[in-house]
Amino acid sequence: MKNGRGISMHPVSMKRLLQLAVLLLVVSFSKANNSNNQPAGDPAIEGRWDLTIDVEGKQVPSWLEVRHSGLHTLVGYFVGAGGSARPVSRVNFSEGKISFTLPPQWEPEDKDLAVEGSLQDDKLSGTITGSDGKTHNWTGVRAPVLKRAKQPVWGKQIKLFSGTDLKGWHTEGANQWEVKNGILKSPRPGSNLITDQKFNDFKLHIEFRYPKESNSGVYLRGRYEVQVADNKGMEPLKDYFGAIYGFIAPLEMVAKGPGEWQSYDITLVGRVVTVVANGVQIICNQEIPGITGGALDSKEGEPGPIMLQGDHGTIDYRNILITPGR
């Protein structure tokens, strides 16, 4: 084979040159488009945020997580004053402005919630318009990581419930809790019961029983609910017995029937939780992403109390023991 100047070129050499040219084109195309194949993340807004909503002067805790999904989209999870973590299919963020909408969850109205805000100096602020059409202001700060440099040294076990009275506990509203025959009882829905003491890392033992279809919860640091509910024989889900409500489903359903005494042994170190229910480990060293609905506050970096949910149904508790860590 000859080129235009009459120089011979072997067919094999020509084939190799064509292969090299194609390879160079592919590499060039890949480099040219490499910047277009980066995830759509933005470290300015991505991460977890502890929010506080001002509802007519009352400071209501809330929480938000924002992450990238592929090349074009930011997604997230949102926790409001109540209910569980809700997935956010698209978070809009541009030039320091954030917005997203959410379908209603436990709200009686059928309108979407609308959240808008802005990011400045690594802090968020904005407005939320609920399904009821009312608009409230909110602020947000980055949630602490809460990783511990070493495992706690466990202290002396403390009896939180004496079995005789409510000393060491208080409610935020009218009190319906009572003590009978060594049992802490909420005979009807009412106020939540909160320890006067606050804790960081701890081991908690607590026993409980409920009537058919009743519901309660044990809040760790007043922020993370371990669900107590009548779910015997059901699939283990994020909002059923033994779950970290809305976030972590138990490995298996070990709930007993109504009227039977049951137990939780819970270890919380930073954000890492282990739950043993009725002698079976159902959650093992899992990270709790953020506060659950109904939390006392969103100040995750601070110690918090143990809170027993009393606003859902009839519930009995006994043998409440805590071992603080330091």
# chains A, B, ... in the order shown; residues from 1 in each chain; ligands from 1

call {"tool": "residues_around", "arguments": {"residues": "range 258-267 of chain A", "least_positions_apart": "5", "cutoff": "7 Å", "atoms": "only C-alpha atoms", "output": "PyMOL selection string"}}
result
chain A and resi 202-212+230+273-278

call {"tool": "select_by_dssp", "arguments": {"residues": "range 183-317 of chain A", "states": "strand (DSSP E)", "output": "number ranges by chain"}}
result
A: 183-186, 193-195, 202-209, 215-220, 224-229, 262-269, 272-277, 280-287, 307-308, 315-317

call {"tool": "residues_around", "arguments": {"residues": "Asp42 in chain A", "least_positions_apart": "6", "cutoff": "9 Å", "atoms": "only C-alpha atoms", "output": "VMD selection string"}}
result
chain A and resid 67 to 68 74 93

call {"tool": "residues_around", "arguments": {"residues": "range 158-164 of chain A", "least_positions_apart": "4", "cutoff": "6 Å", "atoms": "only C-alpha atoms", "output": "list in words"}}
result
Gly182, Ile320, Leu321 and Ile322 of chain A

call {"tool": "write_last_selection", "arguments": {"atoms": "C-alpha atoms", "output": "short mmCIF file (atom, residue, chain, number, x, y, z; two decimals), in the first residue's frame"}}
result
data_model
loop_
_atom_site.label_atom_id
_atom_site.label_comp_id
_atom_site.auth_asym_id
_atom_site.auth_seq_id
_atom_site.Cartn_x
_atom_site.Cartn_y
_atom_site.Cartn_z
CA GLY A 182 -44.71 -0.69 92.34
CA ILE A 320 -36.20 1.52 85.14
CA LEU A 321 -32.43 1.40 85.66
CA ILE A 322 -29.71 3.50 84.01
#

call {"tool": "residues_around", "arguments": {"residues": "range 77-79 of chain A", "least_positions_apart": "4", "cutoff": "8 Å", "atoms": "only C-alpha atoms", "output": "list in words"}}
result
Ser62, Trp63, Leu64, Glu65, Val66, Gly83, Ser84, Ala85, Arg86, Pro87, Val88, Ile291, Thr292 and Gly293 of chain A

call {"tool": "write_last_selection", "arguments": {"atoms": "all heavy atoms", "output": "mmCIF file, in the first residue's frame"}}
result
data_model
loop_
_atom_site.group_PDB
_atom_site.id
_atom_site.type_symbol
_atom_site.label_atom_id
_atom_site.label_comp_id
_atom_site.auth_asym_id
_atom_site.auth_seq_id
_atom_site.Cartn_x
_atom_site.Cartn_y
_atom_site.Cartn_z
ATOM 1 N N SER A 62 -36.941 20.102 64.898
ATOM 2 C CA SER A 62 -37.082 19.510 63.572
ATOM 3 C C SER A 62 -35.696 19.103 63.094
ATOM 4 O O SER A 62 -34.691 19.370 63.763
ATOM 5 C CB SER A 62 -37.733 20.528 62.620
ATOM 6 O OG SER A 62 -37.942 19.992 61.338
ATOM 7 N N TRP A 63 -35.628 18.454 61.923
ATOM 8 C CA TRP A 63 -34.343 17.911 61.457
ATOM 9 C C TRP A 63 -34.389 17.729 59.951
ATOM 10 O O TRP A 63 -35.446 17.447 59.364
ATOM 11 C CB TRP A 63 -34.087 16.574 62.154
ATOM 12 C CG TRP A 63 -32.854 15.834 61.741
ATOM 13 C CD1 TRP A 63 -31.605 15.972 62.253
ATOM 14 C CD2 TRP A 63 -32.750 14.795 60.755
ATOM 15 N NE1 TRP A 63 -30.728 15.094 61.651
ATOM 16 C CE2 TRP A 63 -31.417 14.353 60.728
ATOM 17 C CE3 TRP A 63 -33.671 14.195 59.890
ATOM 18 C CZ2 TRP A 63 -30.974 13.353 59.861
ATOM 19 C CZ3 TRP A 63 -33.233 13.200 59.033
ATOM 20 C CH2 TRP A 63 -31.897 12.792 59.027
ATOM 21 N N LEU A 64 -33.225 17.879 59.317
ATOM 22 C CA LEU A 64 -33.129 17.755 57.859
ATOM 23 C C LEU A 64 -31.801 17.111 57.486
ATOM 24 O O LEU A 64 -30.754 17.421 58.068
ATOM 25 C CB LEU A 64 -33.227 19.133 57.199
ATOM 26 C CG LEU A 64 -32.959 19.213 55.694
ATOM 27 C CD1 LEU A 64 -34.062 18.505 54.906
ATOM 28 C CD2 LEU A 64 -32.841 20.674 55.247
ATOM 29 N N GLU A 65 -31.850 16.209 56.499
ATOM 30 C CA GLU A 65 -30.637 15.665 55.899
ATOM 31 C C GLU A 65 -30.695 15.890 54.401
ATOM 32 O O GLU A 65 -31.737 15.655 53.769
ATOM 33 C CB GLU A 65 -30.485 14.173 56.187
ATOM 34 C CG GLU A 65 -29.205 13.584 55.589
ATOM 35 C CD GLU A 65 -28.974 12.134 55.984
ATOM 36 O OE1 GLU A 65 -29.961 11.413 56.232
ATOM 37 O OE2 GLU A 65 -27.805 11.730 56.029
ATOM 38 N N VAL A 66 -29.585 16.343 53.815
ATOM 39 C CA VAL A 66 -29.492 16.566 52.367
ATOM 40 C C VAL A 66 -28.312 15.781 51.823
ATOM 41 O O VAL A 66 -27.192 15.875 52.355
ATOM 42 C CB VAL A 66 -29.321 18.068 52.028
ATOM 43 C CG1 VAL A 66 -29.206 18.271 50.519
ATOM 44 C CG2 VAL A 66 -30.476 18.888 52.591
ATOM 45 N N GLY A 83 -44.553 12.590 63.915
ATOM 46 C CA GLY A 83 -44.429 11.638 62.821
ATOM 47 C C GLY A 83 -43.013 11.125 62.674
ATOM 48 O O GLY A 83 -42.155 11.324 63.533
ATOM 49 N N SER A 84 -42.759 10.462 61.556
ATOM 50 C CA SER A 84 -41.446 9.858 61.319
ATOM 51 C C SER A 84 -40.686 10.624 60.249
ATOM 52 O O SER A 84 -41.206 11.580 59.653
ATOM 53 C CB SER A 84 -41.627 8.396 60.879
ATOM 54 O OG SER A 84 -42.362 8.330 59.670
ATOM 55 N N ALA A 85 -39.447 10.190 59.996
ATOM 56 C CA ALA A 85 -38.631 10.803 58.952
ATOM 57 C C ALA A 85 -39.301 10.620 57.594
ATOM 58 O O ALA A 85 -39.706 9.518 57.246
ATOM 59 C CB ALA A 85 -37.241 10.178 58.946
ATOM 60 N N ARG A 86 -39.415 11.703 56.840
ATOM 61 C CA ARG A 86 -40.084 11.669 55.538
ATOM 62 C C ARG A 86 -39.062 11.837 54.419
ATOM 63 O O ARG A 86 -38.231 12.749 54.473
ATOM 64 C CB ARG A 86 -41.113 12.797 55.429
ATOM 65 C CG ARG A 86 -41.973 12.983 56.658
ATOM 66 C CD ARG A 86 -42.951 14.116 56.434
ATOM 67 N NE ARG A 86 -43.576 14.509 57.704
ATOM 68 C CZ ARG A 86 -44.660 15.265 57.783
ATOM 69 N NH1 ARG A 86 -45.233 15.722 56.685
ATOM 70 N NH2 ARG A 86 -45.172 15.596 58.949
ATOM 71 N N PRO A 87 -39.096 11.006 53.410
ATOM 72 C CA PRO A 87 -38.165 11.184 52.289
ATOM 73 C C PRO A 87 -38.513 12.411 51.464
ATOM 74 O O PRO A 87 -39.694 12.704 51.231
ATOM 75 C CB PRO A 87 -38.348 9.897 51.474
ATOM 76 C CG PRO A 87 -39.713 9.410 51.830
ATOM 77 C CD PRO A 87 -39.957 9.817 53.249
ATOM 78 N N VAL A 88 -37.485 13.140 51.043
ATOM 79 C CA VAL A 88 -37.655 14.300 50.167
ATOM 80 C C VAL A 88 -37.094 13.919 48.805
ATOM 81 O O VAL A 88 -35.902 13.661 48.660
ATOM 82 C CB VAL A 88 -36.909 15.533 50.718
ATOM 83 C CG1 VAL A 88 -37.179 16.747 49.842
ATOM 84 C CG2 VAL A 88 -37.318 15.810 52.164
ATOM 85 N N ILE A 291 -32.928 13.370 65.224
ATOM 86 C CA ILE A 291 -34.026 13.294 66.168
ATOM 87 C C ILE A 291 -35.245 12.657 65.504
ATOM 88 O O ILE A 291 -35.407 12.705 64.289
ATOM 89 C CB ILE A 291 -34.400 14.684 66.720
ATOM 90 C CG1 ILE A 291 -35.003 15.570 65.621
ATOM 91 C CG2 ILE A 291 -33.197 15.347 67.358
ATOM 92 C CD1 ILE A 291 -35.662 16.825 66.127
ATOM 93 N N THR A 292 -36.088 12.042 66.333
ATOM 94 C CA THR A 292 -37.336 11.467 65.834
ATOM 95 C C THR A 292 -38.496 12.392 66.192
ATOM 96 O O THR A 292 -38.369 13.278 67.050
ATOM 97 C CB THR A 292 -37.566 10.068 66.429
ATOM 98 O OG1 THR A 292 -37.561 10.155 67.862
ATOM 99 C CG2 THR A 292 -36.463 9.115 66.008
ATOM 100 N N GLY A 293 -39.631 12.197 65.547
ATOM 101 C CA GLY A 293 -40.782 13.034 65.808
ATOM 102 C C GLY A 293 -41.197 12.989 67.265
ATOM 103 O O GLY A 293 -41.157 11.939 67.900
#

call {"tool": "residues_around", "arguments": {"residues": "range 191-197 of chain A", "least_positions_apart": "6", "cutoff": "10 Å", "atoms": "only C-alpha atoms", "output": "number ranges by chain"}}
result
A: 160-161, 166-177, 216-219, 221-222, 294, 296, 303-312

call {"tool": "atom_distance", "arguments": {"atom1": "CA of Val179 in chain A", "atom2": "CA of Asn231 in chain A"}}
result
26.1 Å

call {"tool": "residues_around", "arguments": {"residues": "range 147-153 of chain A", "least_positions_apart": "4", "cutoff": "12 Å", "atoms": "only C-alpha atoms", "output": "compact mmCIF listing (two decimals) with N, CA, C and O atoms, in the first residue's frame"}}
result
# COMPACT_ATOMS: atom_id res chain seq x y z
N ALA A 143 -25.80 19.45 62.46
CA ALA A 143 -25.89 18.48 63.54
C ALA A 143 -24.50 17.97 63.91
O ALA A 143 -23.66 17.74 63.02
N ASN A 200 -25.65 11.71 78.96
CA ASN A 200 -24.96 11.60 77.67
C ASN A 200 -25.04 10.15 77.20
O ASN A 200 -26.03 9.71 76.67
N ASP A 201 -23.97 9.39 77.42
CA ASP A 201 -23.96 7.98 77.05
C ASP A 201 -24.45 7.15 78.24
O ASP A 201 -24.18 7.47 79.39
N PHE A 202 -25.15 6.06 77.94
CA PHE A 202 -25.72 5.27 79.03
C PHE A 202 -26.15 3.89 78.56
O PHE A 202 -26.29 3.62 77.35
N LYS A 203 -26.39 3.04 79.57
CA LYS A 203 -27.08 1.76 79.37
C LYS A 203 -28.39 1.86 80.14
O LYS A 203 -28.41 2.24 81.31
N THR A 267 -28.26 0.43 74.80
CA THR A 267 -26.97 1.11 74.99
C THR A 267 -26.86 2.22 73.96
O THR A 267 -27.01 1.98 72.76
N LEU A 268 -26.60 3.44 74.42
CA LEU A 268 -26.44 4.59 73.52
C LEU A 268 -25.10 5.24 73.80
O LEU A 268 -24.85 5.72 74.92
N VAL A 269 -24.23 5.27 72.77
CA VAL A 269 -22.92 5.92 72.85
C VAL A 269 -22.81 6.85 71.66
O VAL A 269 -22.74 6.41 70.51
N GLY A 270 -22.82 8.15 71.91
CA GLY A 270 -22.88 9.10 70.80
C GLY A 270 -24.18 8.92 70.05
O GLY A 270 -25.27 9.03 70.63
N ARG A 271 -24.08 8.59 68.76
CA ARG A 271 -25.26 8.28 67.97
C ARG A 271 -25.49 6.77 67.81
O ARG A 271 -26.46 6.36 67.19
N VAL A 272 -24.58 5.99 68.33
CA VAL A 272 -24.60 4.55 68.08
C VAL A 272 -25.45 3.84 69.13
O VAL A 272 -25.22 3.98 70.33
N GLU A 287 -26.11 3.61 63.72
CA GLU A 287 -26.08 5.06 63.91
C GLU A 287 -27.49 5.63 63.78
O GLU A 287 -28.19 5.37 62.80
N ILE A 288 -27.91 6.43 64.74
CA ILE A 288 -29.17 7.15 64.65
C ILE A 288 -28.90 8.45 63.90
O ILE A 288 -28.14 9.30 64.37
N GLY A 301 -26.13 17.90 70.58
CA GLY A 301 -24.83 17.88 71.23
C GLY A 301 -24.89 17.97 72.74
O GLY A 301 -23.85 17.87 73.41
N THR A 323 -27.34 3.17 83.68
CA THR A 323 -25.93 3.18 84.02
C THR A 323 -25.24 4.23 83.17
O THR A 323 -25.05 4.03 81.96
N PRO A 324 -24.91 5.38 83.72
CA PRO A 324 -24.27 6.44 82.92
C PRO A 324 -22.84 6.07 82.53
O PRO A 324 -22.15 5.35 83.25
N GLY A 325 -22.40 6.61 81.41
CA GLY A 325 -21.01 6.46 80.98
C GLY A 325 -20.28 7.79 81.12
O GLY A 325 -20.88 8.86 81.13
N ARG A 326 -18.96 7.71 81.18
CA ARG A 326 -18.16 8.94 81.24
C ARG A 326 -16.85 8.73 80.49
O ARG A 326 -16.48 7.62 80.15

call {"tool": "decode", "arguments": {"residues": "range 51-95 of chain A", "atoms": "N, CA and C atoms", "output": "short mmCIF file (atom, residue, chain, number, x, y, z; two decimals), in the first residue's frame"}}
result
data_model
loop_
_atom_site.label_atom_id
_atom_site.label_comp_id
_atom_site.auth_asym_id
_atom_site.auth_seq_id
_atom_site.Cartn_x
_atom_site.Cartn_y
_atom_site.Cartn_z
N LEU A 51 -32.82 21.53 63.22
CA LEU A 51 -33.68 22.69 62.98
C LEU A 51 -34.55 23.00 64.19
N THR A 52 -34.96 24.25 64.30
CA THR A 52 -35.92 24.69 65.32
C THR A 52 -36.95 25.57 64.64
N ILE A 53 -38.22 25.21 64.80
CA ILE A 53 -39.33 25.95 64.19
C ILE A 53 -40.01 26.78 65.26
N ASP A 54 -40.23 28.05 64.98
CA ASP A 54 -40.93 28.93 65.92
C ASP A 54 -42.42 28.88 65.61
N VAL A 55 -43.17 28.14 66.45
CA VAL A 55 -44.61 28.01 66.26
C VAL A 55 -45.31 28.85 67.32
N GLU A 56 -45.61 30.07 66.94
CA GLU A 56 -46.30 31.01 67.82
C GLU A 56 -45.59 31.14 69.17
N GLY A 57 -44.27 31.27 69.10
CA GLY A 57 -43.47 31.48 70.30
C GLY A 57 -42.94 30.21 70.92
N LYS A 58 -43.45 29.04 70.52
CA LYS A 58 -42.96 27.78 71.04
C LYS A 58 -41.87 27.24 70.12
N GLN A 59 -40.75 26.82 70.70
CA GLN A 59 -39.63 26.32 69.91
C GLN A 59 -39.81 24.82 69.67
N VAL A 60 -40.11 24.46 68.44
CA VAL A 60 -40.43 23.07 68.07
C VAL A 60 -39.24 22.46 67.33
N PRO A 61 -38.74 21.31 67.79
CA PRO A 61 -37.58 20.69 67.14
C PRO A 61 -37.92 20.07 65.80
N SER A 62 -36.94 20.10 64.90
CA SER A 62 -37.08 19.51 63.57
C SER A 62 -35.70 19.10 63.09
N TRP A 63 -35.63 18.45 61.92
CA TRP A 63 -34.34 17.91 61.46
C TRP A 63 -34.39 17.73 59.95
N LEU A 64 -33.22 17.88 59.32
CA LEU A 64 -33.13 17.76 57.86
C LEU A 64 -31.80 17.11 57.49
N GLU A 65 -31.85 16.21 56.50
CA GLU A 65 -30.64 15.66 55.90
C GLU A 65 -30.69 15.89 54.40
N VAL A 66 -29.59 16.34 53.81
CA VAL A 66 -29.49 16.57 52.37
C VAL A 66 -28.31 15.78 51.82
N ARG A 67 -28.53 15.01 50.76
CA ARG A 67 -27.47 14.23 50.10
C ARG A 67 -27.67 14.30 48.59
N HIS A 68 -26.56 14.06 47.85
CA HIS A 68 -26.70 14.03 46.39
C HIS A 68 -27.17 12.65 45.95
N SER A 69 -27.86 12.62 44.83
CA SER A 69 -28.32 11.38 44.21
C SER A 69 -27.97 11.44 42.73
N GLY A 70 -26.84 10.80 42.37
CA GLY A 70 -26.43 10.80 40.96
C GLY A 70 -25.91 12.14 40.50
N LEU A 71 -26.14 12.44 39.24
CA LEU A 71 -25.52 13.58 38.57
C LEU A 71 -26.28 14.89 38.70
N HIS A 72 -27.58 14.81 38.97
CA HIS A 72 -28.38 16.03 38.82
C HIS A 72 -29.24 16.40 40.02
N THR A 73 -29.32 15.57 41.04
CA THR A 73 -30.37 15.76 42.03
C THR A 73 -29.83 15.71 43.45
N LEU A 74 -30.37 16.59 44.29
CA LEU A 74 -30.21 16.52 45.73
C LEU A 74 -31.49 15.95 46.32
N VAL A 75 -31.36 15.03 47.26
CA VAL A 75 -32.51 14.43 47.92
C VAL A 75 -32.32 14.59 49.43
N GLY A 76 -33.30 14.12 50.21
CA GLY A 76 -33.13 14.28 51.64
C GLY A 76 -34.14 13.54 52.47
N TYR A 77 -34.06 13.79 53.78
CA TYR A 77 -35.04 13.32 54.76
C TYR A 77 -35.36 14.48 55.69
N PHE A 78 -36.63 14.52 56.13
CA PHE A 78 -37.09 15.62 56.97
C PHE A 78 -37.91 15.07 58.12
N VAL A 79 -37.66 15.58 59.32
CA VAL A 79 -38.47 15.24 60.50
C VAL A 79 -39.09 16.52 61.02
N GLY A 80 -40.41 16.50 61.15
CA GLY A 80 -41.11 17.65 61.68
C GLY A 80 -41.39 17.50 63.17
N ALA A 81 -42.38 18.23 63.65
CA ALA A 81 -42.71 18.20 65.08
C ALA A 81 -43.19 16.83 65.51
N GLY A 82 -43.84 16.09 64.61
CA GLY A 82 -44.33 14.76 64.92
C GLY A 82 -44.15 13.84 63.74
N GLY A 83 -44.55 12.59 63.91
CA GLY A 83 -44.43 11.64 62.82
C GLY A 83 -43.01 11.13 62.67
N SER A 84 -42.76 10.46 61.56
CA SER A 84 -41.45 9.86 61.32
C SER A 84 -40.69 10.62 60.25
N ALA A 85 -39.45 10.19 60.00
CA ALA A 85 -38.63 10.80 58.95
C ALA A 85 -39.30 10.62 57.59
N ARG A 86 -39.42 11.70 56.84
CA ARG A 86 -40.08 11.67 55.54
C ARG A 86 -39.06 11.84 54.42
N PRO A 87 -39.10 11.01 53.41
CA PRO A 87 -38.17 11.18 52.29
C PRO A 87 -38.51 12.41 51.46
N VAL A 88 -37.48 13.14 51.04
CA VAL A 88 -37.65 14.30 50.17
C VAL A 88 -37.09 13.92 48.81
N SER A 89 -37.95 13.86 47.79
CA SER A 89 -37.53 13.37 46.47
C SER A 89 -36.63 14.34 45.73
N ARG A 90 -36.75 15.63 46.03
CA ARG A 90 -35.87 16.62 45.38
C ARG A 90 -35.70 17.83 46.30
N VAL A 91 -34.44 18.16 46.57
CA VAL A 91 -34.11 19.38 47.30
C VAL A 91 -33.50 20.36 46.31
N ASN A 92 -34.11 21.51 46.17
CA ASN A 92 -33.59 22.55 45.27
C ASN A 92 -32.61 23.42 46.05
N PHE A 93 -31.42 23.61 45.48
CA PHE A 93 -30.43 24.47 46.13
C PHE A 93 -29.62 25.18 45.07
N SER A 94 -29.68 26.50 45.10
CA SER A 94 -28.95 27.30 44.12
C SER A 94 -28.72 28.69 44.70
N GLU A 95 -27.48 29.18 44.56
CA GLU A 95 -27.11 30.51 45.02
C GLU A 95 -27.52 30.76 46.47
#
